[in-house]
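A.B. asks: Have a look at the structure that comes next, please.
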Amino acid sequence: MIGRFFATIGRFVLDGLAGAGSIALFALNILSHLVRPPFYWREFLQSVLQIGWLSLPVVGLTAVFTGAALALQIYAGGARFSAESVVPSIVAIGMTRELGPVLGGLMVAARVASSIAAEIGTMKVTEQVDALVTLSTDPTKYLAVPRVLAAVVSVPFLVGIGDIIGIMGGWLVGTERLGFNSATYLKNTWAYLEFWDVGSGLVKGAVFGFVIAVMGCYYGMNSDRGAQGVGRATKTAVVAASVLILATNYLLTEVFFSS
Amino acid sequence: MIEIEGLKKSFGKKVVLRDVNLKVAKGESLVVIGGSGTGKSVLLKCVLGLVRPDGGKIRIDGKPVDGAEREAFLARFGMLFQGGALFDSMTVWQNVGFRLLRGSTRRPKDEARAIALDKLRRVGLGPEVADLYPAELSGGMQKRVGLARAIATDPAVIFFDEPTTGLDPIMAGVINDLIRSIVTEMGATAITITHDMISVRAIADKVAMLHEGRVHWHGTVAEMDTTDDPYVDQFIHGRAKGPITALR
Ligand SMILES: Nc1ncnc2c1ncn2[C@@H]1O[C@H](COP(=O)(O)OP(=O)(O)OP(=O)(O)O)[C@@H](O)[C@H]1O
Ligand SMILES: [Mg+2]
């Protein structure tokens with residue numbers, strides 16, 4: 001009984017490690033393809049459109065509401081120390097360093113990791129991936145590399161736009177509801193914002209983009225057969241990408257800001 | 001020339017290929033027959049390296065196929081998948097011209113399209129389907145687009161997995177003639193899987209029958225008709241009674 005319990009746990013841990021190992025190998029393989037021709041430009045540009053451009057609405061909406069709520073909370077919290085005037089700068093720092101990249105990353109994970117996994121998973125179960133091989137085309141190079149690169153380029157861009165929209169959300173609430181003067185609000189936003197506040201968020205965005213696309217591609221490529229297999233691959237890709245985004249966010253924050 | 005020696009493949013506990021030995025000479029058309037689920041498709045995928053065999057040797061022109069050899073082999077190879085395996089994000093002509101639009105066989109777009117349309121014509125599809133998506137075609141039309149894609153760059157070795165399944169008898173005849181002419185006119189080596197005895201007679205130089213994970217019988221079409229092997233006899237005449245149990 002107890003033996004079986006430990007055996008189950010042991011198998012769980014071993015499976016987990018094996019999975020992590022093969023994901024790591026997959027990611028390294030993708031990186032190695034970056035320096036080996038050919039590069040599929042058309043697929044890359046299509047992916048930029050899919051991942052970057054078409055994610056703008058969802059990232060923008062997330063950012064504006066987050067910035068707005070943040071302004072309300074900081075105002076309420078600041079009022080306890082009669083420090084309401086910190087609202088603009090804390091909203092800006094909070095958006096650019098943490099909430100922009102993390103919430104943006106999670107929204108893109110939901111949208112993009114799922115669609116990549118479903119698309120590649122369906123190609124896998126309908127033998128389209130096998131067909132690529134017989135047409136002298138490396139599936140990793142053709143399917144995964146353009147998507148991963150597109151995500152690495154696009155997500156920082158989305159994060160940057162999200163930062164601006166989030167700060168505008170804070171500004172809107174600040175001026176309309178909290179009685180800030182518009183010019184003063186904007187001046188305070190700029191006054192205390194440092195380059196690295198924004199830069200670190202953009203770097204996080206690039207890492208999250210990598211995580212999202214690699215998870216989508218990995219679980220898609222390893223999808224089981226049938227509709228159920230694709231469904232499972234999609235779900236696992238989103239969960240794995242989301243958890244990894246939160247974990248790497250903590251690690252990156254530790255590396256960037258703990259001194 | 002393709003040589004398969006002692007090929008083995010199991011999925012979990014299920015043994016599919018026990019010990020397959022087979023030789024296909026250059027310019028020869030081999031037809032593989034055998035009951036549903038006997039591992040015919042798996043056999044082709046093992047040769048291509050899409051499925052990793054558990055044991056055995058596969059040599060093409062005397063050399064084992066791996067790494068660079070495999071790339072060189074695939075460069076002059078074409079395959080029709082049983083399910084078509086068309087890229088559903090591309091139009092029909094882009095599917096057919098996949099190779100002509102990329103890599104070392106790349107041509108200008110107009111030329112690629114012209115070749116694609118010509119190949120489509122050879123499988124009985126007109127230019128009006130060229131700009132449709134695979135999902136807008138019937139099953140038999142998809143199959144023929146898959147066939148056009150397989151022969152788009154005039155490969156030296158071609159595998160056809162059930163080329164006439166799902167086609168009407170007239171169209172099946174057209175496709176049989178096409179496959180035969182690819183072998184006789186272009187000197188291609190072909191392995192075709194089919195259940196259709198009319199196809200077997202139209203296409204085959206040699207016939208191999210797969211049964212219980214082995215090549216149970218191997219010979220010419222003429223030998224197939226005169227053999228007293230009860231398994232082959234039951235199969236080619238489609239009798240329910242015989243050594244092969246249809247119901248379990
Ligand atoms: N990827 C796979 N995973 C598990 N089992 C598989 C896989 N591919 C094939 N099989 C099994 O191998 C056996 C042979 O399959 P295969 O597709 O080669 O049959 P076939 O001879 O081509 O049959 P048909 O004439 O119906 O196409 C089947 O029982 C199938 O269930
Ligand atoms: Mg089959």
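How things are named: the first chain in the structure tokens is A, the next is B, and so on; residues count from 1 in each chain; ligands count from 1 in the order shown.
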Counting only C-alpha atoms and all ligand atoms, name the residues that have an atom within 9 Å of an atom of ligand 2; the answer should be given as a list of chain:residue names.
C.D. replies: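 Final answer, ordered by chain and number: B:Ser36, B:Gly37, B:Thr38, B:Gly39, B:Lys40, B:Ser41, B:Val42, B:Phe81, B:Gln82, B:Gly83, B:Asp161, B:Glu162, B:Ile193, B:Thr194.
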A.B. asks: Residues within 10 Å of segment 186-201 of chain A, please, as a ChimeraX atom specification. Count only C-alpha atoms; anything in the same chain fewer than 4 positions from it doesn't count.
C.D. replies: /A:85-102,156,159-160,163,167-168,171,180-182,205-207,249,252-253,256-257
A.B. asks: Could you take the residues named above and write them with N, CA and C atoms, as a JSON list (two decimals), in the first residue's frame?
C.D. replies:
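again.json, freshly written:
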```json
[["chain", "number", "residue", "atom", "x", "y", "z"],
["A", 85, "SER", "N", -0.40, 61.43, -3.73],
["A", 85, "SER", "CA", 0.29, 61.96, -4.91],
["A", 85, "SER", "C", 1.21, 60.93, -5.56],
["A", 86, "VAL", "N", 1.44, 59.78, -4.91],
["A", 86, "VAL", "CA", 2.31, 58.78, -5.54],
["A", 86, "VAL", "C", 1.59, 58.01, -6.65],
["A", 87, "VAL", "N", 0.27, 58.18, -6.75],
["A", 87, "VAL", "CA", -0.49, 57.37, -7.72],
["A", 87, "VAL", "C", 0.16, 57.31, -9.11],
["A", 88, "PRO", "N", 0.47, 58.45, -9.75],
["A", 88, "PRO", "CA", 0.98, 58.35, -11.13],
["A", 88, "PRO", "C", 2.25, 57.52, -11.23],
["A", 89, "SER", "N", 3.22, 57.75, -10.36],
["A", 89, "SER", "CA", 4.48, 57.05, -10.52],
["A", 89, "SER", "C", 4.36, 55.57, -10.15],
["A", 90, "ILE", "N", 3.55, 55.26, -9.12],
["A", 90, "ILE", "CA", 3.43, 53.83, -8.77],
["A", 90, "ILE", "C", 2.66, 53.08, -9.85],
["A", 91, "VAL", "N", 1.63, 53.70, -10.41],
["A", 91, "VAL", "CA", 0.93, 53.05, -11.52],
["A", 91, "VAL", "C", 1.91, 52.76, -12.64],
["A", 92, "ALA", "N", 2.74, 53.76, -12.98],
["A", 92, "ALA", "CA", 3.67, 53.58, -14.09],
["A", 92, "ALA", "C", 4.67, 52.47, -13.78],
["A", 93, "ILE", "N", 5.23, 52.48, -12.58],
["A", 93, "ILE", "CA", 6.23, 51.46, -12.23],
["A", 93, "ILE", "C", 5.58, 50.08, -12.17],
["A", 94, "GLY", "N", 4.39, 50.02, -11.56],
["A", 94, "GLY", "CA", 3.71, 48.73, -11.43],
["A", 94, "GLY", "C", 3.35, 48.15, -12.79],
["A", 95, "MET", "N", 2.88, 49.01, -13.68],
["A", 95, "MET", "CA", 2.52, 48.54, -15.02],
["A", 95, "MET", "C", 3.74, 48.06, -15.78],
["A", 96, "THR", "N", 4.78, 48.90, -15.83],
["A", 96, "THR", "CA", 5.91, 48.57, -16.71],
["A", 96, "THR", "C", 6.72, 47.40, -16.19],
["A", 97, "ARG", "N", 6.91, 47.34, -14.85],
["A", 97, "ARG", "CA", 7.77, 46.28, -14.33],
["A", 97, "ARG", "C", 7.06, 44.94, -14.22],
["A", 98, "GLU", "N", 5.82, 44.95, -13.73],
["A", 98, "GLU", "CA", 5.17, 43.68, -13.40],
["A", 98, "GLU", "C", 3.90, 43.39, -14.21],
["A", 99, "LEU", "N", 2.91, 44.28, -14.04],
["A", 99, "LEU", "CA", 1.57, 43.90, -14.52],
["A", 99, "LEU", "C", 1.48, 43.90, -16.04],
["A", 100, "GLY", "N", 2.18, 44.83, -16.68],
["A", 100, "GLY", "CA", 2.17, 44.84, -18.15],
["A", 100, "GLY", "C", 2.67, 43.51, -18.70],
["A", 101, "PRO", "N", 3.94, 43.16, -18.38],
["A", 101, "PRO", "CA", 4.45, 41.90, -18.92],
["A", 101, "PRO", "C", 3.70, 40.66, -18.43],
["A", 102, "VAL", "N", 3.37, 40.57, -17.14],
["A", 102, "VAL", "CA", 2.79, 39.32, -16.63],
["A", 102, "VAL", "C", 1.37, 39.13, -17.15],
["A", 156, "PRO", "N", 7.25, 41.55, -26.62],
["A", 156, "PRO", "CA", 7.76, 42.80, -26.05],
["A", 156, "PRO", "C", 7.04, 44.02, -26.63],
["A", 159, "VAL", "N", 3.80, 44.22, -24.94],
["A", 159, "VAL", "CA", 4.00, 44.69, -23.57],
["A", 159, "VAL", "C", 4.19, 46.21, -23.57],
["A", 160, "GLY", "N", 4.98, 46.71, -24.52],
["A", 160, "GLY", "CA", 5.21, 48.15, -24.61],
["A", 160, "GLY", "C", 3.91, 48.91, -24.83],
["A", 163, "ASP", "N", 1.88, 48.77, -21.70],
["A", 163, "ASP", "CA", 2.37, 49.73, -20.69],
["A", 163, "ASP", "C", 1.73, 51.10, -20.91],
["A", 167, "ILE", "N", -0.98, 52.84, -18.41],
["A", 167, "ILE", "CA", -0.73, 54.13, -17.78],
["A", 167, "ILE", "C", -1.85, 55.11, -18.12],
["A", 168, "MET", "N", -2.33, 55.02, -19.36],
["A", 168, "MET", "CA", -3.45, 55.86, -19.76],
["A", 168, "MET", "C", -4.72, 55.51, -18.97],
["A", 171, "TRP", "N", -4.33, 57.13, -15.75],
["A", 171, "TRP", "CA", -4.50, 58.58, -15.93],
["A", 171, "TRP", "C", -5.99, 58.93, -16.03],
["A", 180, "PHE", "N", -7.13, 64.30, -10.01],
["A", 180, "PHE", "CA", -5.79, 64.77, -10.37],
["A", 180, "PHE", "C", -5.88, 65.75, -11.52],
["A", 181, "ASN", "N", -4.94, 66.66, -11.54],
["A", 181, "ASN", "CA", -4.80, 67.53, -12.69],
["A", 181, "ASN", "C", -4.08, 66.77, -13.79],
["A", 182, "SER", "N", -4.61, 66.83, -14.99],
["A", 182, "SER", "CA", -4.10, 66.00, -16.08],
["A", 182, "SER", "C", -2.60, 66.22, -16.32],
["A", 205, "GLY", "N", 8.95, 40.34, -21.45],
["A", 205, "GLY", "CA", 8.02, 40.03, -22.55],
["A", 205, "GLY", "C", 8.65, 39.09, -23.57],
["A", 206, "ALA", "N", 9.92, 39.35, -23.92],
["A", 206, "ALA", "CA", 10.59, 38.50, -24.90],
["A", 206, "ALA", "C", 10.70, 37.07, -24.37],
["A", 207, "VAL", "N", 11.07, 36.94, -23.08],
["A", 207, "VAL", "CA", 11.20, 35.61, -22.49],
["A", 207, "VAL", "C", 9.84, 34.91, -22.46],
["A", 249, "ASN", "N", 8.84, 34.77, -14.31],
["A", 249, "ASN", "CA", 8.70, 36.16, -13.90],
["A", 249, "ASN", "C", 9.34, 36.37, -12.54],
["A", 252, "LEU", "N", 13.17, 36.19, -13.00],
["A", 252, "LEU", "CA", 13.72, 37.37, -13.68],
["A", 252, "LEU", "C", 13.69, 38.58, -12.75],
["A", 253, "THR", "N", 12.58, 38.71, -11.99],
["A", 253, "THR", "CA", 12.49, 39.83, -11.05],
["A", 253, "THR", "C", 13.61, 39.74, -10.03],
["A", 256, "PHE", "N", 16.80, 40.76, -11.84],
["A", 256, "PHE", "CA", 16.88, 42.16, -12.24],
["A", 256, "PHE", "C", 16.92, 43.12, -11.05],
["A", 257, "PHE", "N", 16.16, 42.83, -9.99],
["A", 257, "PHE", "CA", 15.91, 43.88, -9.00],
["A", 257, "PHE", "C", 16.38, 43.58, -7.59]]
```
A.B. asks: Kindly provide, as an MDAnalysis selection string, all nucleotide and amino acid residues lying within 12 Å of ligand 1, counting only C-alpha atoms and all ligand atoms.
C.D. replies: (chainID A and resid 124:127 130 222:226) or (chainID B and resid 8:18 32:46 50:53 81:83 160:163 165 192:196 209:214)
A.B. asks: As a short mmCIF file (atom, residue, chain, number, x, y, z; two decimals) with C-alpha atoms, in the first residue's frame, could you give me every residue of chain A near chain B (at most 8 Å apart, counting only C-alpha atoms)?
C.D. replies:
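Listed below is the output, out.cif:
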```cif
data_model
loop_
_atom_site.label_atom_id
_atom_site.label_comp_id
_atom_site.auth_asym_id
_atom_site.auth_seq_id
_atom_site.Cartn_x
_atom_site.Cartn_y
_atom_site.Cartn_z
CA PRO A 38 16.73 28.10 -44.71
CA MET A 123 -1.47 18.86 -38.44
CA THR A 126 -3.86 14.35 -39.84
CA GLU A 127 -0.33 13.39 -40.95
CA GLN A 128 0.42 16.87 -42.30
CA ASP A 130 4.65 13.59 -41.71
CA ALA A 131 3.83 15.00 -45.15
CA VAL A 133 9.03 15.43 -43.87
CA THR A 134 8.33 13.64 -47.16
CA LEU A 135 8.48 17.04 -48.88
CA SER A 136 12.02 17.59 -47.56
#
```
A.B. asks: Please identify all polymer residues within 8 Å of segment 104-107 of chain A, counting only C-alpha atoms, omitting same-chain residues fewer than 5 positions from it, and present them as a PyMOL selection string.
C.D. replies: chain A and resi 58-59+62-63+99+155+158-159+162+205+208-209+242+245
A.B. asks: Suppose you want the space between atom CA of Asn176 of chain B and atom CA of Gly126 of chain B; what is it in Å?
C.D. replies: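 Atom CA of Gly126 of chain B lies 18.7 Å from atom CA of Asn176 of chain B.
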A.B. asks: To one decimal in Å, tell me the separation between atom CA of Leu120 of chain B and atom CA of Lys26 of chain B.
C.D. replies: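 Rounded to one decimal, the two atoms are 26.3 Å apart.
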A.B. asks: Write down as a ChimeraX atom specification the residues of segment 80-212 of chain B whose backbone DSSP state falls under alpha helix (DSSP H).
C.D. replies: /B:92-96,109-122,139-150,169-186,197-203
A.B. asks: Using only C-alpha atoms, which of A:Ala233, A:Leu17, A:Arg147, A:Ile212 sits nearest Leu246 of chain A?
C.D. replies: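 Under the stated criterion, the closest residue is A:Ile212.
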A.B. asks: How many Å separate atom CA of Phe26 of chain A from atom CA of Val47 of chain B?
C.D. replies: 24.5 Å
A.B. asks: At a cut-off of 6 Å, using only C-alpha atoms, what residues contact Gly67 of chain A? Leave out same-chain residues fewer than 6 positions from it and give the result as a list of chain:residue names.
C.D. replies: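 Returned residues: A:Gly166, A:Ile167, A:Gly169, A:Gly170.
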A.B. asks: When DSSP works through the backbone of this structure, what residues of segment 62-208 of chain B end up as strand (DSSP E), shown as a list in words?
C.D. replies: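 These are the residues in question: Lys63, Pro64, Phe77, Gly78, Met79, Leu80, Val157, Ile158, Phe159, Phe160, Asp161, Thr189, Ala190, Ile191, Thr192, Ile193, Lys206, Val207 and Ala208 of chain B.
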